[in-house]
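Content type TSV, C-alpha atoms and all ligand atoms, from the file final10.tsv:
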chain	number	residue	atom	x	y	z
A	25	MET	CA	-27.82	-15.97	-2.72
A	26	THR	CA	-28.29	-12.22	-2.83
A	27	ALA	CA	-29.15	-10.27	-5.97
A	28	PHE	CA	-25.65	-8.85	-5.97
A	29	SER	CA	-23.83	-12.18	-5.84
A	30	ASN	CA	-26.26	-13.52	-8.43
A	31	ARG	CA	-25.08	-10.95	-10.92
A	32	TYR	CA	-21.41	-11.71	-10.33
A	33	GLN	CA	-20.85	-15.38	-10.97
A	34	TRP	CA	-17.45	-16.85	-10.23
A	35	PRO	CA	-16.13	-19.40	-12.78
A	36	ASP	CA	-16.50	-23.08	-11.95
A	37	ALA	CA	-12.77	-23.50	-11.35
A	38	GLY	CA	-13.18	-21.66	-8.03
A	39	LEU	CA	-10.17	-19.74	-6.81
A	40	PHE	CA	-8.05	-21.07	-9.67
A	41	GLU	CA	-9.72	-18.67	-12.10
A	42	ILE	CA	-10.45	-15.00	-11.50
A	43	PRO	CA	-13.17	-13.25	-13.48
A	44	ASP	CA	-12.20	-9.97	-15.18
A	45	TRP	CA	-15.08	-8.06	-13.54
A	46	VAL	CA	-13.14	-8.29	-10.28
A	47	TYR	CA	-10.78	-5.70	-11.81
A	48	THR	CA	-12.90	-3.77	-14.30
A	49	ASP	CA	-16.44	-3.36	-12.94
A	50	PRO	CA	-17.36	0.06	-11.45
A	51	GLU	CA	-20.00	-1.44	-9.13
A	52	ILE	CA	-17.46	-3.87	-7.72
A	53	TYR	CA	-15.08	-0.97	-7.19
A	54	ASP	CA	-17.73	1.08	-5.34
A	55	ARG	CA	-18.44	-1.89	-3.12
A	56	GLU	CA	-14.71	-2.27	-2.41
A	57	VAL	CA	-14.50	1.33	-1.28
A	58	GLU	CA	-17.49	0.86	1.01
A	59	ARG	CA	-16.64	-2.56	2.44
A	60	ILE	CA	-12.84	-2.55	2.35
A	61	PHE	CA	-11.35	0.95	2.49
A	62	HIS	CA	-14.28	2.39	4.48
A	63	GLY	CA	-14.80	-0.85	6.39
A	64	PRO	CA	-13.13	-2.42	9.45
A	65	THR	CA	-9.61	-2.28	7.98
A	66	TRP	CA	-6.48	-0.42	9.08
A	67	ASN	CA	-5.21	1.89	6.35
A	68	TYR	CA	-1.72	3.35	6.33
A	69	VAL	CA	-1.82	7.17	6.38
A	70	ALA	CA	1.59	8.48	7.50
A	71	LEU	CA	4.86	7.92	9.29
A	72	GLU	CA	5.12	9.70	12.62
A	73	ALA	CA	8.48	11.06	11.44
A	74	GLU	CA	6.59	13.12	8.87
A	75	ILE	CA	4.69	15.00	11.57
A	76	PRO	CA	7.13	15.08	14.51
A	77	ASN	CA	6.03	18.38	16.11
A	78	PRO	CA	2.75	19.73	17.53
A	79	GLY	CA	0.92	21.55	14.74
A	80	ASP	CA	2.42	19.38	12.00
A	81	PHE	CA	-0.07	18.20	9.44
A	82	GLN	CA	0.00	16.23	6.22
A	83	ARG	CA	-2.48	15.24	3.55
A	84	SER	CA	-3.07	11.55	2.94
A	85	PHE	CA	-5.67	9.06	1.69
A	86	VAL	CA	-7.77	6.18	2.97
A	87	GLY	CA	-8.59	4.32	-0.20
A	88	PRO	CA	-9.55	7.06	-2.66
A	89	THR	CA	-10.75	9.33	0.15
A	90	PRO	CA	-8.59	12.34	1.07
A	91	VAL	CA	-7.78	12.83	4.75
A	92	VAL	CA	-5.66	15.13	6.89
A	93	VAL	CA	-3.25	13.71	9.48
A	94	THR	CA	-2.22	16.07	12.29
A	95	ARG	CA	-0.28	16.08	15.54
A	96	ASP	CA	-2.05	18.31	18.03
A	97	GLY	CA	-0.84	20.17	21.14
A	98	GLU	CA	-1.44	17.08	23.28
A	99	ASP	CA	0.81	14.98	21.06
A	100	GLU	CA	-2.23	13.08	19.80
A	101	ILE	CA	-2.41	12.08	16.16
A	102	ASN	CA	-5.71	12.88	14.47
A	103	VAL	CA	-7.05	11.75	11.13
A	104	PHE	CA	-10.14	13.38	9.64
A	105	LEU	CA	-11.63	13.83	6.21
A	106	ASN	CA	-10.17	16.55	4.03
A	107	ARG	CA	-13.64	17.81	3.24
A	108	CYS	CA	-14.92	21.21	4.22
A	109	GLY	CA	-18.16	21.17	6.22
A	110	HIS	CA	-19.37	23.99	4.02
A	111	ARG	CA	-19.06	23.11	0.32
A	112	ALA	CA	-17.16	19.79	0.51
A	113	SER	CA	-13.91	21.18	-0.86
A	114	GLU	CA	-10.61	19.52	0.03
A	115	PHE	CA	-9.79	22.39	2.36
A	116	CYS	CA	-6.24	21.38	3.26
A	117	ARG	CA	-4.30	22.27	0.12
A	118	GLU	CA	-0.70	22.07	1.31
A	119	GLN	CA	0.90	18.62	1.20
A	120	ARG	CA	2.40	19.12	4.65
A	121	GLY	CA	3.22	21.93	7.03
A	122	ASN	CA	2.75	23.32	10.51
A	123	ALA	CA	-0.25	25.39	11.58
A	124	LYS	CA	-2.61	26.12	14.46
A	125	LEU	CA	-5.63	26.20	12.16
A	126	LEU	CA	-6.38	24.65	8.80
A	127	ILE	CA	-8.30	27.13	6.71
A	128	CYS	CA	-10.37	26.37	3.64
A	129	PRO	CA	-9.28	28.76	0.89
A	130	TYR	CA	-12.77	29.10	-0.62
A	131	HIS	CA	-14.68	30.85	2.23
A	132	GLN	CA	-12.07	30.59	4.99
A	133	TRP	CA	-13.96	28.21	7.23
A	134	SER	CA	-11.32	27.07	9.72
A	135	TYR	CA	-10.59	23.84	11.56
A	136	ASP	CA	-8.42	23.11	14.58
A	137	LEU	CA	-5.88	20.28	14.67
A	138	LYS	CA	-8.47	17.81	15.94
A	139	GLY	CA	-10.65	18.58	12.94
A	140	ASN	CA	-13.24	20.68	14.77
A	141	LEU	CA	-14.89	23.44	12.77
A	142	VAL	CA	-13.98	26.49	14.86
A	143	GLY	CA	-14.38	29.50	12.59
A	144	VAL	CA	-16.93	30.75	10.03
A	145	PRO	CA	-16.40	34.26	8.63
A	146	PHE	CA	-19.50	36.49	8.88
A	147	ARG	CA	-21.19	33.80	10.93
A	148	ARG	CA	-23.66	36.44	12.21
A	149	GLY	CA	-23.91	38.10	8.81
A	150	LEU	CA	-23.27	41.78	8.15
A	151	ALA	CA	-25.24	44.66	9.63
A	152	GLY	CA	-27.80	42.23	11.00
A	153	ARG	CA	-28.47	40.48	7.71
A	154	GLY	CA	-27.42	37.10	6.34
A	155	GLY	CA	-24.97	34.73	7.97
A	156	LEU	CA	-25.83	31.40	9.52
A	157	ALA	CA	-28.81	30.48	11.65
A	158	ARG	CA	-28.33	31.05	15.41
A	159	ASP	CA	-28.62	27.31	16.06
A	160	PHE	CA	-26.21	26.25	13.30
A	161	ASP	CA	-24.39	23.20	14.69
A	162	MET	CA	-20.62	23.62	14.25
A	163	ALA	CA	-19.86	20.08	15.50
A	164	ALA	CA	-22.28	18.53	13.01
A	165	HIS	CA	-20.41	20.32	10.23
A	166	SER	CA	-16.95	19.21	11.32
A	167	PRO	CA	-15.27	16.64	9.05
A	168	ARG	CA	-15.69	13.03	10.00
A	169	ARG	CA	-12.95	11.74	12.32
A	170	LEU	CA	-11.39	8.35	11.79
A	171	ALA	CA	-10.08	5.89	14.36
A	172	VAL	CA	-6.27	6.00	14.66
A	173	THR	CA	-3.70	3.47	15.75
A	174	ARG	CA	0.10	3.55	15.62
A	175	ARG	CA	2.87	1.00	15.82
A	176	GLY	CA	6.62	1.47	15.49
A	177	GLY	CA	6.19	5.02	14.15
A	178	VAL	CA	3.59	4.08	11.54
A	179	VAL	CA	0.12	5.65	11.63
A	180	PHE	CA	-3.01	3.78	10.50
A	181	ALA	CA	-6.59	5.01	10.28
A	182	SER	CA	-9.97	3.30	10.06
A	183	PHE	CA	-13.49	4.43	9.22
A	184	ASP	CA	-14.71	1.78	11.65
A	185	ALA	CA	-14.27	2.61	15.34
A	186	ASP	CA	-14.68	-1.11	16.05
A	187	ALA	CA	-11.79	-2.25	13.85
A	188	PRO	CA	-9.79	-4.92	15.75
A	189	PRO	CA	-6.49	-3.99	17.43
A	190	LEU	CA	-3.72	-3.78	14.83
A	191	GLU	CA	-1.89	-6.77	16.28
A	192	SER	CA	-4.85	-9.09	15.85
A	193	TYR	CA	-5.69	-7.50	12.51
A	194	LEU	CA	-2.21	-8.45	11.25
A	195	GLY	CA	-1.87	-11.75	13.09
A	196	PRO	CA	1.37	-12.97	14.72
A	197	VAL	CA	3.41	-13.73	11.57
A	198	MET	CA	2.66	-10.40	9.90
A	199	THR	CA	3.15	-8.46	13.14
A	200	ALA	CA	6.60	-10.01	13.60
A	201	GLU	CA	7.53	-9.17	10.03
A	202	PHE	CA	6.25	-5.59	10.43
A	203	ASP	CA	8.26	-5.21	13.65
A	204	ALA	CA	11.47	-6.34	11.92
A	205	THR	CA	11.44	-3.06	9.98
A	206	PHE	CA	9.72	-0.86	12.56
A	207	ASP	CA	11.78	-2.12	15.48
A	208	GLY	CA	11.60	1.02	17.61
A	209	ARG	CA	14.52	2.86	16.06
A	210	PRO	CA	13.32	6.39	15.17
A	211	LEU	CA	12.94	6.84	11.43
A	212	GLU	CA	14.64	9.38	9.19
A	213	LEU	CA	12.88	10.42	5.99
A	214	HIS	CA	14.81	10.20	2.74
A	215	GLY	CA	12.22	11.35	0.23
A	216	TYR	CA	9.21	10.62	-1.90
A	217	TYR	CA	8.19	9.24	-5.26
A	218	ARG	CA	4.75	9.29	-6.80
A	219	ASN	CA	3.50	7.53	-9.87
A	220	THR	CA	0.27	6.42	-11.47
A	221	VAL	CA	-0.30	2.84	-12.57
A	222	PRO	CA	-2.97	2.17	-15.21
A	223	GLY	CA	-4.33	-0.96	-13.56
A	224	ASN	CA	-6.59	-2.19	-10.79
A	225	TRP	CA	-5.23	-1.62	-7.26
A	226	LYS	CA	-5.45	-5.31	-6.33
A	227	LEU	CA	-2.97	-6.20	-9.07
A	228	TYR	CA	-0.26	-4.57	-6.97
A	229	HIS	CA	-1.09	-6.84	-4.04
A	230	GLU	CA	-1.08	-9.79	-6.39
A	231	ASN	CA	2.27	-8.81	-7.84
A	232	LEU	CA	3.74	-9.10	-4.35
A	233	LYS	CA	1.97	-12.40	-3.69
A	234	ASP	CA	3.43	-13.82	-6.89
A	235	PRO	CA	6.95	-15.17	-6.38
A	236	TYR	CA	6.74	-16.83	-9.82
A	237	HIS	CA	7.07	-13.51	-11.68
A	238	ALA	CA	10.03	-12.40	-9.60
A	239	THR	CA	12.28	-15.00	-11.18
A	240	LEU	CA	11.06	-14.28	-14.71
A	241	LEU	CA	10.20	-10.60	-15.16
A	242	HIS	CA	13.02	-8.98	-13.22
A	243	SER	CA	16.33	-9.29	-15.06
A	244	PHE	CA	18.16	-7.32	-12.39
A	245	LEU	CA	16.78	-9.37	-9.54
A	246	VAL	CA	17.67	-12.64	-11.18
A	247	THR	CA	21.00	-11.76	-12.75
A	248	PHE	CA	22.49	-10.21	-9.63
A	249	GLY	CA	21.30	-12.94	-7.32
A	250	LEU	CA	18.63	-11.19	-5.27
A	251	PHE	CA	15.85	-13.58	-6.09
A	252	VAL	CA	16.64	-16.63	-8.11
A	253	ALA	CA	14.68	-19.84	-8.30
A	254	GLY	CA	16.61	-21.95	-5.82
A	255	ASN	CA	17.25	-19.15	-3.30
A	256	ARG	CA	15.78	-19.78	0.11
A	257	SER	CA	12.48	-17.96	0.00
A	258	ALA	CA	8.91	-18.03	1.26
A	259	MET	CA	5.54	-16.59	0.48
A	260	LEU	CA	4.08	-15.78	3.86
A	261	ALA	CA	0.38	-15.11	4.43
A	262	ASP	CA	-1.81	-14.50	7.45
A	263	GLU	CA	-4.92	-16.51	8.20
A	264	SER	CA	-7.24	-14.14	6.33
A	265	GLY	CA	-5.02	-14.42	3.25
A	266	LEU	CA	-5.27	-10.66	2.80
A	267	HIS	CA	-1.87	-9.76	4.21
A	268	GLY	CA	1.31	-11.33	2.91
A	269	ALA	CA	5.05	-11.06	2.62
A	270	ILE	CA	7.28	-12.30	-0.12
A	271	ALA	CA	10.57	-13.10	1.56
A	272	SER	CA	13.95	-14.24	0.38
A	273	ALA	CA	17.47	-14.74	1.62
A	274	LYS	CA	20.18	-13.30	-0.60
A	275	ARG	CA	22.86	-15.51	-2.10
A	276	ALA	CA	26.48	-14.48	-1.84
A	277	SER	CA	26.89	-15.01	-5.60
A	278	THR	CA	25.01	-16.48	-8.52
A	279	ASP	CA	27.47	-19.39	-8.79
A	280	HIS	CA	25.07	-21.95	-7.42
A	281	VAL	CA	22.09	-21.41	-9.67
A	282	SER	CA	21.20	-24.85	-11.00
A	283	GLU	CA	21.42	-25.50	-14.73
A	284	GLU	CA	17.73	-26.44	-14.66
A	285	ALA	CA	16.73	-23.06	-13.18
A	286	LYS	CA	19.00	-21.16	-15.57
A	287	GLY	CA	17.37	-22.84	-18.54
A	288	GLU	CA	13.90	-21.67	-17.41
A	289	MET	CA	14.91	-18.07	-16.72
A	290	ARG	CA	15.30	-15.94	-19.83
A	291	ALA	CA	16.04	-12.97	-17.58
A	292	PHE	CA	19.22	-14.60	-16.24
A	293	HIS	CA	22.39	-13.22	-17.80
A	294	GLU	CA	25.43	-15.10	-16.57
A	295	ASP	CA	27.95	-12.78	-18.23
A	296	PHE	CA	26.59	-9.53	-16.73
A	297	ALA	CA	28.48	-7.83	-13.91
A	298	LEU	CA	27.87	-4.64	-11.95
A	299	GLN	CA	30.40	-1.83	-12.21
A	300	ALA	CA	29.32	-0.70	-8.74
A	301	PRO	CA	28.69	-3.98	-6.91
A	302	GLU	CA	28.36	-2.11	-3.61
A	303	ILE	CA	24.74	-1.39	-4.55
A	304	MET	CA	24.04	-5.03	-3.70
A	305	GLU	CA	25.76	-5.07	-0.31
A	306	PHE	CA	23.65	-6.20	2.59
A	307	VAL	CA	24.31	-5.00	6.12
A	308	ASP	CA	22.45	-7.49	8.31
A	309	GLU	CA	20.71	-5.16	10.77
A	310	PHE	CA	17.32	-6.84	11.20
A	311	ASP	CA	15.88	-9.44	13.53
A	312	SER	CA	14.76	-11.60	10.62
A	313	GLU	CA	15.95	-14.63	8.70
A	314	TRP	CA	15.18	-12.79	5.45
A	315	SER	CA	17.31	-10.18	3.68
A	316	VAL	CA	14.41	-9.10	1.49
A	317	THR	CA	10.74	-8.86	2.38
A	318	MET	CA	7.93	-7.10	0.59
A	319	GLN	CA	5.01	-7.07	2.93
A	320	THR	CA	1.49	-6.37	1.71
A	321	ILE	CA	-0.72	-5.08	4.49
A	322	TRP	CA	-4.35	-5.04	3.48
A	323	PRO	CA	-5.68	-2.90	1.98
A	324	ASN	CA	-3.30	-0.06	1.10
A	325	LEU	CA	0.24	-0.62	2.39
A	326	ILE	CA	3.42	-2.23	1.19
A	327	VAL	CA	6.41	-2.29	3.49
A	328	GLN	CA	9.55	-2.63	1.43
A	329	ARG	CA	12.63	-4.01	3.15
A	330	GLU	CA	14.87	-4.75	0.19
A	331	MET	CA	18.15	-5.44	1.98
A	332	ASN	CA	18.95	-1.99	3.42
A	333	THR	CA	16.67	0.16	1.33
A	334	LEU	CA	13.46	0.80	3.21
A	335	GLY	CA	10.22	2.22	1.99
A	336	ILE	CA	6.51	2.55	2.32
A	337	ARG	CA	4.20	2.28	-0.64
A	338	GLN	CA	0.71	3.59	-0.18
A	339	ILE	CA	-1.89	2.48	-2.71
A	340	VAL	CA	-4.44	5.18	-3.59
A	341	PRO	CA	-7.10	3.70	-5.88
A	342	ARG	CA	-8.74	5.95	-8.44
A	343	GLY	CA	-11.48	3.74	-9.84
A	344	PRO	CA	-11.22	0.20	-11.18
A	345	HIS	CA	-8.64	1.02	-13.87
A	346	GLU	CA	-6.05	3.14	-12.11
A	347	PHE	CA	-4.25	3.73	-8.83
A	348	ALA	CA	-1.63	6.12	-7.57
A	349	MET	CA	1.41	4.85	-5.73
A	350	HIS	CA	2.85	7.08	-3.01
A	351	TRP	CA	6.35	6.02	-1.97
A	352	THR	CA	8.09	7.19	1.19
A	353	MET	CA	11.73	6.19	1.50
A	354	PHE	CA	13.40	6.20	4.89
A	355	GLY	CA	16.25	5.05	7.08
A	356	TYR	CA	16.91	5.30	10.80
A	357	ALA	CA	17.74	8.48	12.67
A	358	GLY	CA	20.87	6.83	14.10
A	359	ASP	CA	22.38	6.00	10.69
A	360	ASP	CA	25.89	7.31	10.11
A	361	GLU	CA	26.75	9.02	6.83
A	362	ALA	CA	28.08	5.83	5.22
A	363	MET	CA	24.85	3.96	6.03
A	364	ARG	CA	22.72	6.84	4.78
A	365	ARG	CA	24.70	6.84	1.50
A	366	HIS	CA	24.32	3.07	1.26
A	367	ARG	CA	20.53	3.23	1.70
A	368	LEU	CA	20.20	6.03	-0.85
A	369	ARG	CA	22.41	4.22	-3.37
A	370	GLN	CA	20.55	0.96	-2.87
A	371	GLY	CA	17.29	2.90	-3.18
A	372	ASN	CA	17.92	2.95	-6.92
A	373	LEU	CA	16.56	-0.59	-6.96
A	374	MET	CA	13.13	0.78	-6.08
A	375	GLY	CA	10.77	3.58	-7.02
A	376	PRO	CA	8.71	3.94	-10.20
A	377	ALA	CA	11.85	3.69	-12.36
A	378	GLY	CA	13.87	1.48	-10.03
A	379	PHE	CA	16.10	-1.28	-11.39
A	380	LEU	CA	13.50	-3.77	-10.29
A	381	GLY	CA	10.43	-1.62	-9.65
A	382	MET	CA	9.87	-0.44	-13.18
A	383	GLU	CA	8.75	-3.68	-14.82
A	384	ASP	CA	5.95	-4.36	-12.34
A	385	ASN	CA	4.11	-1.19	-13.38
A	386	GLU	CA	4.37	-2.19	-17.00
A	387	ALA	CA	3.22	-5.76	-16.34
A	388	ILE	CA	0.17	-4.52	-14.40
A	389	LYS	CA	-0.77	-2.28	-17.33
A	390	PHE	CA	-0.53	-5.25	-19.71
A	391	VAL	CA	-2.85	-7.30	-17.51
A	392	GLN	CA	-5.44	-4.52	-17.18
A	393	ASP	CA	-5.32	-3.83	-20.93
A	394	GLY	CA	-5.81	-7.52	-21.68
A	395	MET	CA	-8.90	-7.68	-19.50
A	396	LYS	CA	-10.37	-4.49	-20.93
A	397	ARG	CA	-9.88	-5.46	-24.53
A	398	SER	CA	-10.43	-9.16	-24.95
A	399	ARG	CA	-12.29	-12.29	-23.89
A	400	PRO	CA	-12.96	-14.89	-22.42
A	401	GLY	CA	-13.52	-12.76	-19.34
A	402	HIS	CA	-11.57	-14.76	-16.78
A	403	HIS	CA	-7.96	-15.83	-16.34
A	404	ALA	CA	-5.87	-18.40	-14.55
A	405	VAL	CA	-4.13	-18.33	-11.19
A	406	ALA	CA	-3.48	-22.04	-11.25
A	407	LEU	CA	0.13	-22.57	-10.16
A	408	GLU	CA	0.78	-25.07	-7.36
A	409	PRO	CA	-2.55	-26.90	-7.73
A	410	GLU	CA	-1.73	-29.15	-4.78
A	411	LEU	CA	-2.34	-26.20	-2.42
A	412	GLU	CA	-5.70	-24.45	-2.77
A	413	ALA	CA	-4.69	-21.27	-1.00
A	414	GLY	CA	-2.29	-19.95	1.63
A	415	ALA	CA	1.33	-19.53	2.60
A	416	THR	CA	3.90	-21.56	0.70
A	417	ASP	CA	7.63	-22.04	0.36
A	418	CYS	CA	7.23	-22.93	-3.30
A	419	VAL	CA	8.31	-20.16	-5.69
A	420	ILE	CA	6.36	-21.45	-8.67
A	421	SER	CA	3.04	-20.79	-7.00
A	422	GLU	CA	-0.02	-18.55	-6.98
A	423	ALA	CA	-1.47	-19.96	-3.76
A	424	ALA	CA	-1.11	-16.62	-1.93
A	425	ILE	CA	-3.10	-14.81	-4.62
A	426	ARG	CA	-5.84	-17.39	-4.21
A	427	ALA	CA	-5.74	-16.86	-0.44
A	428	MET	CA	-6.28	-13.14	-0.98
A	429	TYR	CA	-9.32	-13.78	-3.14
A	430	ARG	CA	-10.79	-16.18	-0.65
A	431	GLY	CA	-10.67	-13.30	1.86
A	432	TRP	CA	-11.82	-10.73	-0.69
A	433	ARG	CA	-14.85	-12.77	-1.74
A	434	GLU	CA	-15.92	-13.09	1.87
A	435	ILE	CA	-15.70	-9.34	2.50
A	436	MET	CA	-17.50	-8.60	-0.74
A	437	GLY	CA	-20.32	-11.05	-0.07
A	438	LEU	CA	-19.34	-13.09	-3.11
A	439	ALA	CA	-18.24	-16.33	-1.49
A	440	SER	CA	-19.92	-19.27	-3.17
B	501	FE	FE	7.89	-7.63	-9.40

Could I get this file's structure written as structure tokens?
Ligand SMILES: [Fe+2]
Amino acid sequence: MTAFSNRYQWPDAGLFEIPDWVYTDPEIYDREVERIFHGPTWNYVALEAEIPNPGDFQRSFVGPTPVVVTRDGEDEINVFLNRCGHRASEFCREQRGNAKLLICPYHQWSYDLKGNLVGVPFRRGLAGRGGLARDFDMAAHSPRRLAVTRRGGVVFASFDADAPPLESYLGPVMTAEFDATFDGRPLELHGYYRNTVPGNWKLYHENLKDPYHATLLHSFLVTFGLFVAGNRSAMLADESGLHGAIASAKRASTDHVSEEAKGEMRAFHEDFALQAPEIMEFVDEFDSEWSVTMQTIWPNLIVQREMNTLGIRQIVPRGPHEFAMHWTMFGYAGDDEAMRRHRLRQGNLMGPAGFLGMEDNEAIKFVQDGMKRSRPGHHAVALEPELEAGATDCVISEAAIRAMYRGWREIMGLAS
């Protein structure tokens, strides 16, 4: 056992209890950045539709680390650190735009679209004095380039040039689910949300590997029949346990909710009705048996396919106690006006203040606060004890959370 794993002892209950230091300890967080976000993982950075033309660029993040995503004159997509080779400043200041050169505002050192340092003002000094040494190595002072891969119009980056191909990284089940949304139809951007969540970044993954809460926390979801205990649903997971998808098939009405389920769900309001029921319409346009899937792609991406409202959520961690959520909402370029209206209207379900997005942020804050402020220092993920970890079709389960921690412990060198 290494010194590190000696210091961080997992409770005796194994995966069925998670220690609070997993979410609160700064050393654990630093190790996550190094081994996960800067390790052999594929991190979402952009949609190709955001940078459709040569010269287009956009700022993004890999874990907490700022990067620039560009499309160069050869139609290649480049991802490099947003860190000036001079004084480390985040030189690309504009969120997105089109340019031939990216120029640091501080001393105007300039970079081409592949991230090469190409210009240094007064490089030879002035009147024969000052400036840089003759043998100053421009390439050595260019920002670090990341490996890039794309699929279905989605761009991923990795610090590790030896990261496995995306398809094997995701595995067959997750790849098929990803392809149901990114099926080759060109995407059309609808807009952005950003919010900050005062909790550990992994809690967002857990929230989407936790079908149990969906039937209890989300009044809207339950009352209007999107996800009710008794609906056909599944909690999918890949072999590593790190990726997952919570999937459900929508009911036509809430008429068939069993009396037993109703009795357990305080959030269920039988006498509520929508004044604009069209918000819940589902146009079946996907090659999938599910009308709703929330896919968690390790470590920083959620693909939201909530009926016809589509979105990306990018997790940007900011230390153990906080993360930013960057949402990108989209449809397909071929949508007619009615479909575009439908997606935008249905988009009210989601976002930081969405009809069923809002409560998750609050719940994550409650969990983080609880861990920060009180003992015993570990808590239970014990539902569905008959399955240690993995995919399940049982709603009242935390087996997918346990699967994620089995994978996490291995990466972190904390497996017992
Ligand atoms: Fe939720």

Discussion item. Show me the residues around (6.9, -7.7, 0.1) - criterion: an atom at most 8 Å away, only C-alpha atoms counted - as a ChimeraX atom specification.
Written reply: /A:232-233,268-271,316-320,326-329

Worksheet item: So what do you get for atom CA of Gly335 of chain A versus atom CA of Arg169 of chain A, distance-wise?
Response: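 Result for atom CA of Gly335 of chain A versus atom CA of Arg169 of chain A: 27.1 Å, one decimal.
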
Can you write out as JSON lines which residues of chain A fall within 8 Å of ligand FE 501 (chain B), alongside each residue's closest atom pair and its distance in Å to one decimal, counting only C-alpha atoms and all ligand atoms and ordering rows by chain and ascending residue number?
{"residue": "A:Asn231", "atom": "CA", "partner": "B:FE501", "partner_atom": "FE", "distance": 6.0}
{"residue": "A:Leu232", "atom": "CA", "partner": "B:FE501", "partner_atom": "FE", "distance": 6.7}
{"residue": "A:His237", "atom": "CA", "partner": "B:FE501", "partner_atom": "FE", "distance": 6.4}
{"residue": "A:Ala238", "atom": "CA", "partner": "B:FE501", "partner_atom": "FE", "distance": 5.2}
{"residue": "A:Leu241", "atom": "CA", "partner": "B:FE501", "partner_atom": "FE", "distance": 6.9}
{"residue": "A:His242", "atom": "CA", "partner": "B:FE501", "partner_atom": "FE", "distance": 6.5}
{"residue": "A:Leu380", "atom": "CA", "partner": "B:FE501", "partner_atom": "FE", "distance": 6.9}
{"residue": "A:Gly381", "atom": "CA", "partner": "B:FE501", "partner_atom": "FE", "distance": 6.5}
{"residue": "A:Glu383", "atom": "CA", "partner": "B:FE501", "partner_atom": "FE", "distance": 6.8}
{"residue": "A:Asp384", "atom": "CA", "partner": "B:FE501", "partner_atom": "FE", "distance": 4.8}

Practice prompt. For segment 262-267 of chain A, work out the shell of residues within 6 Å, counting all atoms listed in the file and skipping chain neighbours fewer than 3 positions away, then give it as a count of residues only.
Written response: 6

Practice prompt. Grab the atom CA of Asp136 of chain A to atom CA of Tyr216 of chain A distance for me, in Å with one decimal place.
Written response: 27.2 Å

Worksheet item: Just how far from atom CA of Leu407 of chain A is atom CA of Phe40 of chain A, in Å to one decimal?
Response: 8.3 Å

Item to complete: Would you list the contacts of Arg148 of chain A as a list in words, taking every protein, DNA or RNA residue within 10 Å and counting all atoms listed in the file, but skipping same-chain residues closer than 5 positions in sequence?
Response: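 What passes the distance filter is Arg153, Gly154, Gly155, Leu156, Ala157 and Arg158 of chain A.
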
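Near segment 357-368 of chain A, within 10 Å and counting only C-alpha atoms, sit A:Ala73, A:Arg209, A:Pro210, A:Leu211, A:Glu212, A:Leu213, A:His214, A:Gly215, A:Glu302, A:Ile303, A:Met304, A:Glu305, A:Phe306, A:Val307, A:Glu330, A:Met331, A:Asn332, A:Thr333, A:Leu334, A:Met353, A:Phe354, A:Gly371, A:Asn372, A:Leu373, not including residues fewer than 3 positions from it in the same chain.
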
Practice prompt. Would you kindly return, as a list of chain:residue names, each protein, DNA or RNA residue with an atom no farther than 10 Å from any atom of Asn140 of chain A, considering all atoms listed in the file and excluding same-chain residues fewer than 4 positions away?
Written response: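 Here the qualifying residues turn out to be A:Phe104, A:Gly109, A:Leu125, A:Leu126, A:Ser134, A:Tyr135, A:Asp136, A:Met162, A:Ala163, A:Ala164, A:His165, A:Ser166, A:Pro167, A:Arg168, A:Arg169.
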
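Restricting the calculation to all atoms listed in the file, the smallest distance between Lys124 of chain A and any of A:Gln299, A:Ser84, A:Asn77, A:Ser421 is found for A:Asn77.
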
Worksheet item: Skipping near chain neighbours, those fewer than 4 positions away, what residues fall within 8 Å of Lys274 of chain A using only C-alpha atoms, listed as a PyMOL selection string?
Response: chain A and resi 249-251+255-256+314-316
